[in-house]
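The next block is input.txt, given as compact mmCIF, C-alpha atoms.
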# COMPACT_ATOMS: atom_id res chain seq x y z
CA MET S 1 -15.28 23.36 27.75
CA PRO S 2 -13.41 26.50 26.63
CA GLY S 3 -9.60 26.92 26.62
CA PRO S 4 -7.37 24.98 24.27
CA ALA S 5 -8.17 21.30 23.74
CA HIS S 6 -5.14 19.05 24.11
CA VAL S 7 -5.07 15.36 23.20
CA THR S 8 -2.33 12.86 22.40
CA LEU S 9 -2.85 9.81 20.21
CA HIS S 10 -0.36 6.94 20.54
CA TRP S 11 0.36 4.38 17.86
CA LYS S 12 -0.12 0.86 19.27
CA GLU S 13 0.48 -1.54 16.36
CA GLY S 14 -0.69 -2.00 12.78
CA MET S 15 -3.24 0.75 12.18
CA LEU S 16 -4.35 0.88 15.81
CA PHE S 17 -4.08 4.06 17.90
CA GLU S 18 -5.19 5.05 21.39
CA GLY S 19 -5.35 8.38 23.14
CA GLY S 20 -7.16 11.27 24.73
CA ARG S 21 -6.57 14.14 27.16
CA PRO S 22 -3.93 13.66 29.85
CA GLU S 23 -5.41 11.74 32.81
CA ARG S 24 -8.77 11.34 31.14
CA PRO S 25 -10.40 8.26 29.60
CA SER S 26 -8.91 7.37 26.24
CA ALA S 27 -10.46 6.25 22.97
CA VAL S 28 -9.25 3.74 20.40
CA ILE S 29 -9.06 4.46 16.67
CA ASP S 30 -8.36 1.81 14.07
CA ALA S 31 -7.66 3.10 10.58
CA ASP S 32 -8.72 -0.33 9.29
CA GLY S 33 -12.03 -0.03 11.18
CA GLN S 34 -11.76 -3.54 12.61
CA GLN S 35 -11.08 -3.05 16.30
CA ALA S 36 -12.49 0.44 16.71
CA PRO S 37 -14.04 3.18 14.57
CA SER S 38 -11.88 4.52 11.74
CA PRO S 39 -10.84 8.18 11.76
CA MET S 40 -13.54 9.14 9.24
CA ASP S 41 -16.19 7.27 11.25
CA ALA S 42 -14.88 8.91 14.43
CA LEU S 43 -15.40 12.29 12.76
CA LEU S 44 -19.09 11.46 12.19
CA LEU S 45 -19.42 10.18 15.77
CA ALA S 46 -17.91 13.44 17.07
CA LEU S 47 -20.45 15.36 14.99
CA ALA S 48 -23.34 13.19 16.21
CA GLY S 49 -22.18 13.51 19.84
CA CYS S 50 -21.90 17.26 19.57
CA THR S 51 -25.31 17.95 18.09
CA GLY S 52 -26.86 15.04 20.03
CA ALA S 53 -25.71 16.50 23.35
CA ASP S 54 -27.11 19.91 22.37
CA VAL S 55 -30.50 18.49 21.42
CA VAL S 56 -30.78 16.26 24.50
CA SER S 57 -29.87 19.25 26.73
CA ILE S 58 -32.39 21.56 25.08
CA LEU S 59 -35.20 18.97 25.22
CA LYS S 60 -34.45 18.22 28.88
CA LYS S 61 -34.50 21.94 29.71
CA LYS S 62 -37.91 22.13 28.05
CA ARG S 63 -39.01 19.25 30.30
CA ALA S 64 -39.50 16.75 27.48
CA ASP S 65 -40.12 13.19 28.62
CA LEU S 66 -37.15 11.96 26.58
CA ARG S 67 -37.21 8.16 26.46
CA ALA S 68 -34.85 7.39 23.60
CA PHE S 69 -32.62 9.34 21.28
CA ARG S 70 -30.18 8.42 18.57
CA VAL S 71 -28.55 10.13 15.63
CA GLU S 72 -27.86 8.27 12.42
CA VAL S 73 -25.18 9.84 10.23
CA VAL S 74 -24.46 9.09 6.61
CA GLY S 75 -21.45 10.71 5.01
CA GLU S 76 -20.71 10.71 1.29
CA ARG S 77 -17.07 10.90 0.24
CA ARG S 78 -15.02 11.85 -2.77
CA ALA S 79 -13.77 8.85 -4.75
CA GLU S 80 -10.28 10.35 -5.18
CA HIS S 81 -7.70 11.59 -2.66
CA PRO S 82 -8.37 13.35 -0.43
CA LYS S 83 -11.49 11.23 0.16
CA ARG S 84 -13.12 13.99 2.15
CA TYR S 85 -16.80 14.24 2.95
CA THR S 86 -18.90 16.01 0.37
CA ALA S 87 -22.31 15.59 2.04
CA ILE S 88 -23.49 14.53 5.49
CA THR S 89 -27.06 13.64 6.46
CA LEU S 90 -28.04 13.56 10.13
CA THR S 91 -31.24 11.69 11.00
CA TYR S 92 -32.45 12.33 14.54
CA HIS S 93 -34.64 9.61 16.02
CA VAL S 94 -36.47 10.98 19.05
CA THR S 95 -38.89 9.32 21.45
CA ALA S 96 -40.50 12.04 23.57
CA PRO S 97 -44.23 11.37 24.00
CA GLY S 98 -46.36 14.50 23.92
CA PHE S 99 -43.58 16.74 22.68
CA ALA S 100 -44.31 18.68 19.49
CA ARG S 101 -42.38 17.98 16.29
CA ASP S 102 -41.81 21.72 15.79
CA GLN S 103 -40.13 22.05 19.15
CA VAL S 104 -37.75 19.18 18.45
CA LEU S 105 -36.93 20.64 15.01
CA HIS S 106 -36.27 23.99 16.66
CA ALA S 107 -33.78 22.34 19.06
CA ILE S 108 -32.01 20.63 16.15
CA GLU S 109 -31.78 23.88 14.23
CA LEU S 110 -30.47 25.76 17.25
CA SER S 111 -27.75 23.16 17.61
CA LEU S 112 -26.71 23.06 13.95
CA GLY S 113 -27.06 26.79 13.43
CA LYS S 114 -25.55 28.15 16.63
CA TYR S 115 -24.21 25.81 19.29
CA CYS S 116 -22.55 22.76 17.78
CA SER S 117 -18.82 23.46 17.66
CA VAL S 118 -18.07 20.35 15.59
CA THR S 119 -20.55 21.35 12.84
CA HIS S 120 -18.94 24.76 12.59
CA SER S 121 -15.43 23.26 12.45
CA LEU S 122 -16.32 21.34 9.27
CA ALA S 123 -15.72 22.64 5.76
CA PRO S 124 -18.73 24.80 4.82
CA ASP S 125 -18.96 23.19 1.37
CA ILE S 126 -19.97 19.86 2.94
CA ALA S 127 -23.73 19.76 2.32
CA LEU S 128 -25.22 19.20 5.79
CA ARG S 129 -28.79 17.94 5.85
CA HIS S 130 -31.00 16.93 8.75
CA GLU S 131 -34.11 14.87 9.18
CA LEU S 132 -36.30 14.15 12.18
CA VAL S 133 -38.10 10.89 12.93
CA LEU S 134 -40.42 11.06 15.93
CA GLU S 135 -40.86 7.55 17.35
CA ALA S 136 -43.54 6.21 19.61
CA MET W 1 -12.79 2.71 2.79
CA PRO W 2 -14.80 4.39 0.02
CA GLY W 3 -18.59 4.30 -0.30
CA PRO W 4 -20.84 6.16 2.13
CA ALA W 5 -19.91 6.02 5.81
CA HIS W 6 -22.82 5.14 8.06
CA VAL W 7 -22.77 5.35 11.85
CA THR W 8 -25.43 5.56 14.55
CA LEU W 9 -24.86 7.17 17.94
CA HIS W 10 -27.23 6.20 20.77
CA TRP W 11 -27.92 8.33 23.81
CA LYS W 12 -27.25 6.33 26.99
CA GLU W 13 -27.85 8.72 29.92
CA GLY W 14 -26.79 12.18 31.01
CA MET W 15 -24.38 13.39 28.32
CA LEU W 16 -23.14 9.89 27.49
CA PHE W 17 -23.46 8.43 23.97
CA GLU W 18 -22.28 5.23 22.32
CA GLY W 19 -22.20 4.12 18.70
CA GLY W 20 -20.46 3.17 15.52
CA ARG W 21 -21.08 1.29 12.28
CA PRO W 22 -23.60 -1.54 12.33
CA GLU W 23 -21.94 -4.73 13.60
CA ARG W 24 -18.62 -3.03 14.20
CA PRO W 25 -16.93 -2.02 17.46
CA SER W 26 -18.49 1.04 19.01
CA ALA W 27 -17.02 4.11 20.67
CA VAL W 28 -18.22 6.12 23.65
CA ILE W 29 -18.55 9.89 23.65
CA ASP W 30 -19.25 11.94 26.77
CA ALA W 31 -20.13 15.57 26.16
CA ASP W 32 -18.97 16.25 29.74
CA GLY W 33 -15.61 14.60 28.98
CA GLN W 34 -15.68 12.52 32.18
CA GLN W 35 -16.26 8.96 31.02
CA ALA W 36 -14.97 9.26 27.47
CA PRO W 37 -13.61 11.94 25.12
CA SER W 38 -15.91 14.87 24.42
CA PRO W 39 -17.12 15.50 20.85
CA MET W 40 -14.55 18.25 20.27
CA ASP W 41 -11.75 16.05 21.66
CA ALA W 42 -13.01 13.16 19.50
CA LEU W 43 -12.69 15.43 16.46
CA LEU W 44 -9.00 16.01 17.26
CA LEU W 45 -8.48 12.27 17.84
CA ALA W 46 -10.08 11.54 14.45
CA LEU W 47 -7.70 14.03 12.86
CA ALA W 48 -4.67 12.56 14.66
CA GLY W 49 -5.73 9.01 13.72
CA CYS W 50 -6.16 9.96 10.08
CA THR W 51 -2.85 11.67 9.57
CA GLY W 52 -1.11 9.31 12.01
CA ALA W 53 -2.20 6.27 10.00
CA ASP W 54 -0.99 7.92 6.79
CA VAL W 55 2.43 8.73 8.23
CA VAL W 56 2.90 5.30 9.84
CA SER W 57 1.96 3.63 6.53
CA ILE W 58 4.32 5.78 4.48
CA LEU W 59 7.23 5.28 6.91
CA LYS W 60 6.65 1.51 6.97
CA LYS W 61 6.58 1.39 3.17
CA LYS W 62 9.91 3.19 3.18
CA ARG W 63 11.22 0.50 5.56
CA ALA W 64 11.70 2.82 8.50
CA ASP W 65 12.49 1.06 11.78
CA LEU W 66 9.52 2.71 13.46
CA ARG W 67 9.71 2.13 17.20
CA ALA W 68 7.33 4.70 18.60
CA PHE W 69 4.94 7.26 17.19
CA ARG W 70 2.45 9.65 18.68
CA VAL W 71 0.63 12.77 17.60
CA GLU W 72 -0.08 15.56 20.03
CA VAL W 73 -2.89 17.88 19.01
CA VAL W 74 -3.71 21.27 20.45
CA GLY W 75 -6.84 23.01 19.25
CA GLU W 76 -7.71 26.63 19.97
CA ARG W 77 -11.37 27.57 20.09
CA ARG W 78 -13.57 30.62 19.81
CA ALA W 79 -14.76 31.96 23.17
CA GLU W 80 -18.32 32.52 21.89
CA HIS W 81 -20.85 30.15 20.30
CA PRO W 82 -20.20 28.31 18.11
CA LYS W 83 -16.98 27.47 20.00
CA ARG W 84 -15.39 26.10 16.85
CA TYR W 85 -11.71 25.50 16.32
CA THR W 86 -9.76 28.45 15.00
CA ALA W 87 -6.28 26.87 14.99
CA ILE W 88 -4.94 23.33 15.35
CA THR W 89 -1.30 22.37 15.91
CA LEU W 90 -0.19 18.79 15.28
CA THR W 91 3.11 17.73 16.84
CA TYR W 92 4.40 14.41 15.51
CA HIS W 93 6.77 12.55 17.84
CA VAL W 94 8.63 9.92 15.86
CA THR W 95 11.21 7.33 16.96
CA ALA W 96 12.76 5.81 13.83
CA PRO W 97 16.53 5.42 14.27
CA GLY W 98 18.54 6.17 11.15
CA PHE W 99 15.62 7.68 9.27
CA ALA W 100 16.14 11.22 7.96
CA ARG W 101 14.15 14.13 9.30
CA ASP W 102 13.40 15.31 5.75
CA GLN W 103 11.83 12.00 4.83
CA VAL W 104 9.55 12.08 7.88
CA LEU W 105 8.57 15.67 7.11
CA HIS W 106 7.80 14.65 3.55
CA ALA W 107 5.48 11.89 4.79
CA ILE W 108 3.68 14.35 7.08
CA GLU W 109 3.26 16.83 4.25
CA LEU W 110 1.98 14.16 1.88
CA SER W 111 -0.64 13.22 4.47
CA LEU W 112 -1.78 16.74 5.29
CA GLY W 113 -1.61 17.94 1.70
CA LYS W 114 -3.08 15.01 -0.17
CA TYR W 115 -4.23 11.90 1.68
CA CYS W 116 -5.81 12.75 5.00
CA SER W 117 -9.57 12.85 4.47
CA VAL W 118 -10.26 14.28 7.93
CA THR W 119 -7.91 17.26 7.39
CA HIS W 120 -9.67 18.07 4.14
CA SER W 121 -13.12 17.80 5.75
CA LEU W 122 -12.26 20.59 8.21
CA ALA W 123 -13.03 24.25 7.60
CA PRO W 124 -10.16 25.70 5.56
CA ASP W 125 -9.98 28.80 7.77
CA ILE W 126 -8.78 26.69 10.72
CA ALA W 127 -5.02 27.43 10.80
CA LEU W 128 -3.41 23.98 10.66
CA ARG W 129 0.23 23.85 11.76
CA HIS W 130 2.56 20.89 12.13
CA GLU W 131 5.79 20.22 13.97
CA LEU W 132 8.09 17.23 14.03
CA VAL W 133 10.05 15.97 17.02
CA LEU W 134 12.46 13.14 16.24
CA GLU W 135 13.08 11.12 19.39
CA ALA W 136 15.91 8.77 20.22

When written as structure tokens, how does the structure in this file appear?
Amino acid sequence: MPGPAHVTLHWKEGMLFEGGRPERPSAVIDADGQQAPSPMDALLLALAGCTGADVVSILKKKRADLRAFRVEVVGERRAEHPKRYTAITLTYHVTAPGFARDQVLHAIELSLGKYCSVTHSLAPDIALRHELVLEA
Amino acid sequence: MPGPAHVTLHWKEGMLFEGGRPERPSAVIDADGQQAPSPMDALLLALAGCTGADVVSILKKKRADLRAFRVEVVGERRAEHPKRYTAITLTYHVTAPGFARDQVLHAIELSLGKYCSVTHSLAPDIALRHELVLEA
């Protein structure tokens, strides 16, 4: 999706916001994290969605029998303002019977190293780690 | 919300993902941008939610009569992989009758300069600009 991205986020009430691209489905963000993901959680979900979509696409192209896939993300934050991320660990859980671990790792590394636009929009001093769990 | 953030994003089908914190409301991400915001749009929404929540909180603490608030975000991207953001412009639209422009600008600058954890998690070479539109 090249070209400029353009979204608008509207304040609803309290710490609740809703928005997205014009005439496209919207998302809800709740800075209190009660009714929807908080902004910092949404950042991790954007990261997981970006690299997750890359890895699913690559595995599908390689004709993997992909039965389940999820990305767990843990982000460590500074204690003081700004409470930015200092380290992020991505754990990929992949169920693709008969597909080699090395090939899945290669897909993950292609995504993180080359394709994932969210990864490369993050501050480079955030320590980004990845792990792979192959599930039956 | 200090302490490590922990989210899990599950692949549903096609390029559709859903997830969030355990036992908290989830969000949907669609890498094709059809059924939900794409990962790169979600990143901008996270940024808008972060700084938006800061600014709304500050204005409320200063007893502004805040009637409407939205943040428009335009992100420019590289043409080649990784198609990361190179510049982001935030336009704050604020309806707060009787509240001085300088005070709103100060709130925005406090957020972007000190409080907003998402801003400070982004790559520092992304040119971040802000504008303020006071509405009647």

Find the residues around Ala53 (chain W) up to 12 Å (all atoms listed in the file counted), leave out those fewer than 5 positions away in its own chain, and share them as a PDB file with C-alpha atoms, keeping the file's coordinate frame.
ATOM      1  CA  LEU S   9      -2.850   9.810  20.210  1.00  0.00           C
ATOM      2  CA  HIS S  10      -0.360   6.940  20.540  1.00  0.00           C
ATOM      3  CA  TRP S  11       0.360   4.380  17.860  1.00  0.00           C
ATOM      4  CA  LYS S  12      -0.120   0.860  19.270  1.00  0.00           C
ATOM      5  CA  GLU S  13       0.480  -1.540  16.360  1.00  0.00           C
ATOM      6  CA  GLY S  14      -0.690  -2.000  12.780  1.00  0.00           C
ATOM      7  CA  MET S  15      -3.240   0.750  12.180  1.00  0.00           C
ATOM      8  CA  LEU S  16      -4.350   0.880  15.810  1.00  0.00           C
ATOM      9  CA  PHE S  17      -4.080   4.060  17.900  1.00  0.00           C
ATOM     10  CA  GLU S  18      -5.190   5.050  21.390  1.00  0.00           C
ATOM     11  CA  ILE S  29      -9.060   4.460  16.670  1.00  0.00           C
ATOM     12  CA  ASP S  30      -8.360   1.810  14.070  1.00  0.00           C
ATOM     13  CA  ALA S  31      -7.660   3.100  10.580  1.00  0.00           C
ATOM     14  CA  ASP S  32      -8.720  -0.330   9.290  1.00  0.00           C
ATOM     15  CA  GLY S  33     -12.030  -0.030  11.180  1.00  0.00           C
ATOM     16  CA  SER S  38     -11.880   4.520  11.740  1.00  0.00           C
ATOM     17  CA  PRO S  39     -10.840   8.180  11.760  1.00  0.00           C
ATOM     18  CA  MET S  40     -13.540   9.140   9.240  1.00  0.00           C
TER      19      MET S  40
ATOM     20  CA  LEU W  45      -8.480  12.270  17.840  1.00  0.00           C
ATOM     21  CA  ALA W  46     -10.080  11.540  14.450  1.00  0.00           C
ATOM     22  CA  LEU W  47      -7.700  14.030  12.860  1.00  0.00           C
ATOM     23  CA  ALA W  48      -4.670  12.560  14.660  1.00  0.00           C
ATOM     24  CA  ILE W  58       4.320   5.780   4.480  1.00  0.00           C
ATOM     25  CA  LEU W  59       7.230   5.280   6.910  1.00  0.00           C
ATOM     26  CA  LYS W  60       6.650   1.510   6.970  1.00  0.00           C
ATOM     27  CA  PHE W  69       4.940   7.260  17.190  1.00  0.00           C
ATOM     28  CA  ARG W  70       2.450   9.650  18.680  1.00  0.00           C
ATOM     29  CA  VAL W  71       0.630  12.770  17.600  1.00  0.00           C
ATOM     30  CA  TYR W  92       4.400  14.410  15.510  1.00  0.00           C
ATOM     31  CA  ALA W 107       5.480  11.890   4.790  1.00  0.00           C
ATOM     32  CA  ILE W 108       3.680  14.350   7.080  1.00  0.00           C
ATOM     33  CA  SER W 111      -0.640  13.220   4.470  1.00  0.00           C
ATOM     34  CA  LEU W 112      -1.780  16.740   5.290  1.00  0.00           C
ATOM     35  CA  TYR W 115      -4.230  11.900   1.680  1.00  0.00           C
ATOM     36  CA  CYS W 116      -5.810  12.750   5.000  1.00  0.00           C
ATOM     37  CA  SER W 117      -9.570  12.850   4.470  1.00  0.00           C
ATOM     38  CA  VAL W 118     -10.260  14.280   7.930  1.00  0.00           C
TER      39      VAL W 118
END

Please report the interatomic distance between CA of Val94 (chain S) and CA of Pro82 (chain W) in Å with one decimal.
23.8 Å

For chain S, which residue among W:Val74, W:Leu134, W:Ala87, W:Ala64 is the nearest when counting only C-alpha atoms?
W:Val74

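When CA of Asp54 (chain S) is paired with CA of Ala127 (chain W), their separation reads 26.0 Å.
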
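Distances here use only C-alpha atoms; by that measure, the residue among W:Ala96, W:Leu110, W:Ile126, W:Ile88 closest to Arg67 (chain W) is W:Ala96.
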
From the list W:Thr8, W:Ser57, W:Thr91, W:Thr86, which residue is nearest chain S when using all atoms listed in the file?
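Of W:Thr8, W:Ser57, W:Thr91, W:Thr86, the one nearest chain S is W:Thr8, counting all atoms listed in the file.
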
Suppose you want the space between CA of Leu66 (chain W) and CA of Gly49 (chain W); what is it in Å?
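One can read the CA of Leu66 (chain W) to CA of Gly49 (chain W) distance as 16.5 Å.
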
May I have the protein, DNA and RNA residues with an atom at most 10 Å from (-19.2, -3.2, 10.7), counting all atoms listed in the file in the file's coordinates, returned as an NGL selection string?
(:S and (33-37)) or (:W and (6-7 or 20-26))

Nearest to Val104 (chain W), chosen from W:Ala27, W:Leu122, W:Ala79, W:Leu132, with all atoms listed in the file counted in the distances:
W:Leu132

Option closest in space to chain S, from W:Leu128, W:Val133, W:Val73, W:Leu90 [counting only C-alpha atoms]
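Distance minimum relative to chain S lands on W:Val73.
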
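If you measure from each of S:Val56, S:Gly113, S:Ala123, S:His130 to chain W using only C-alpha atoms, the closest one turns out to be S:Ala123.
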
Mind filling out region 20-53 of chain S with N, CA and C atoms and sending it as a compact mmCIF listing (two decimals), in the frame of the given file?
# COMPACT_ATOMS: atom_id res chain seq x y z
N GLY S 20 -6.16 10.36 24.18
CA GLY S 20 -7.16 11.27 24.73
C GLY S 20 -6.45 12.40 25.45
N ARG S 21 -7.19 13.10 26.33
CA ARG S 21 -6.57 14.14 27.16
C ARG S 21 -5.72 13.49 28.24
N PRO S 22 -4.71 14.20 28.74
CA PRO S 22 -3.93 13.66 29.85
C PRO S 22 -4.83 13.34 31.04
N GLU S 23 -4.65 12.17 31.61
CA GLU S 23 -5.41 11.74 32.81
C GLU S 23 -6.92 11.71 32.62
N ARG S 24 -7.34 11.51 31.41
CA ARG S 24 -8.77 11.34 31.14
C ARG S 24 -8.95 10.03 30.38
N PRO S 25 -10.19 9.53 30.32
CA PRO S 25 -10.40 8.26 29.60
C PRO S 25 -9.97 8.39 28.13
N SER S 26 -9.41 7.33 27.61
CA SER S 26 -8.91 7.37 26.24
C SER S 26 -9.90 6.69 25.29
N ALA S 27 -9.66 6.89 24.02
CA ALA S 27 -10.46 6.25 22.97
C ALA S 27 -9.51 5.51 22.04
N VAL S 28 -10.04 4.51 21.34
CA VAL S 28 -9.25 3.74 20.40
C VAL S 28 -9.71 4.09 18.99
N ILE S 29 -8.76 4.22 18.09
CA ILE S 29 -9.06 4.46 16.67
C ILE S 29 -8.29 3.45 15.85
N ASP S 30 -8.99 2.82 14.92
CA ASP S 30 -8.36 1.81 14.07
C ASP S 30 -8.58 2.22 12.62
N ALA S 31 -7.50 2.60 11.96
CA ALA S 31 -7.66 3.10 10.58
C ALA S 31 -8.21 2.01 9.66
N ASP S 32 -8.10 0.74 10.07
CA ASP S 32 -8.72 -0.33 9.29
C ASP S 32 -10.17 -0.57 9.70
N GLY S 33 -10.63 0.09 10.75
CA GLY S 33 -12.03 -0.03 11.18
C GLY S 33 -12.42 -1.37 11.76
N GLN S 34 -11.44 -2.19 12.11
CA GLN S 34 -11.76 -3.54 12.61
C GLN S 34 -11.95 -3.57 14.12
N GLN S 35 -11.04 -2.95 14.84
CA GLN S 35 -11.08 -3.05 16.30
C GLN S 35 -11.70 -1.83 16.96
N ALA S 36 -11.92 -0.81 16.19
CA ALA S 36 -12.49 0.44 16.71
C ALA S 36 -12.90 1.27 15.51
N PRO S 37 -13.66 2.35 15.72
CA PRO S 37 -14.04 3.18 14.57
C PRO S 37 -12.81 3.74 13.85
N SER S 38 -12.93 3.89 12.55
CA SER S 38 -11.88 4.52 11.74
C SER S 38 -11.90 6.02 11.99
N PRO S 39 -10.85 6.72 11.57
CA PRO S 39 -10.84 8.18 11.76
C PRO S 39 -12.04 8.88 11.11
N MET S 40 -12.41 8.48 9.90
CA MET S 40 -13.54 9.14 9.24
C MET S 40 -14.87 8.80 9.92
N ASP S 41 -15.00 7.59 10.46
CA ASP S 41 -16.19 7.27 11.25
C ASP S 41 -16.18 8.04 12.57
N ALA S 42 -14.99 8.16 13.17
CA ALA S 42 -14.88 8.91 14.43
C ALA S 42 -15.29 10.37 14.24
N LEU S 43 -14.99 10.91 13.07
CA LEU S 43 -15.40 12.29 12.76
C LEU S 43 -16.93 12.41 12.79
N LEU S 44 -17.61 11.43 12.19
CA LEU S 44 -19.09 11.46 12.19
C LEU S 44 -19.64 11.25 13.61
N LEU S 45 -18.97 10.40 14.39
CA LEU S 45 -19.42 10.18 15.77
C LEU S 45 -19.23 11.45 16.61
N ALA S 46 -18.13 12.16 16.37
CA ALA S 46 -17.91 13.44 17.07
C ALA S 46 -19.01 14.44 16.73
N LEU S 47 -19.37 14.47 15.44
CA LEU S 47 -20.45 15.36 14.99
C LEU S 47 -21.78 14.97 15.64
N ALA S 48 -22.09 13.68 15.62
CA ALA S 48 -23.34 13.19 16.21
C ALA S 48 -23.37 13.46 17.72
N GLY S 49 -22.24 13.29 18.39
CA GLY S 49 -22.18 13.51 19.84
C GLY S 49 -22.37 14.98 20.18
N CYS S 50 -21.81 15.83 19.35
CA CYS S 50 -21.90 17.26 19.57
C CYS S 50 -23.34 17.75 19.44
N THR S 51 -23.94 17.48 18.30
CA THR S 51 -25.31 17.95 18.09
C THR S 51 -26.29 17.14 18.95
N GLY S 52 -26.00 15.87 19.17
CA GLY S 52 -26.86 15.04 20.03
C GLY S 52 -26.91 15.58 21.45
N ALA S 53 -25.75 15.96 21.99
CA ALA S 53 -25.71 16.50 23.35
C ALA S 53 -26.48 17.82 23.44
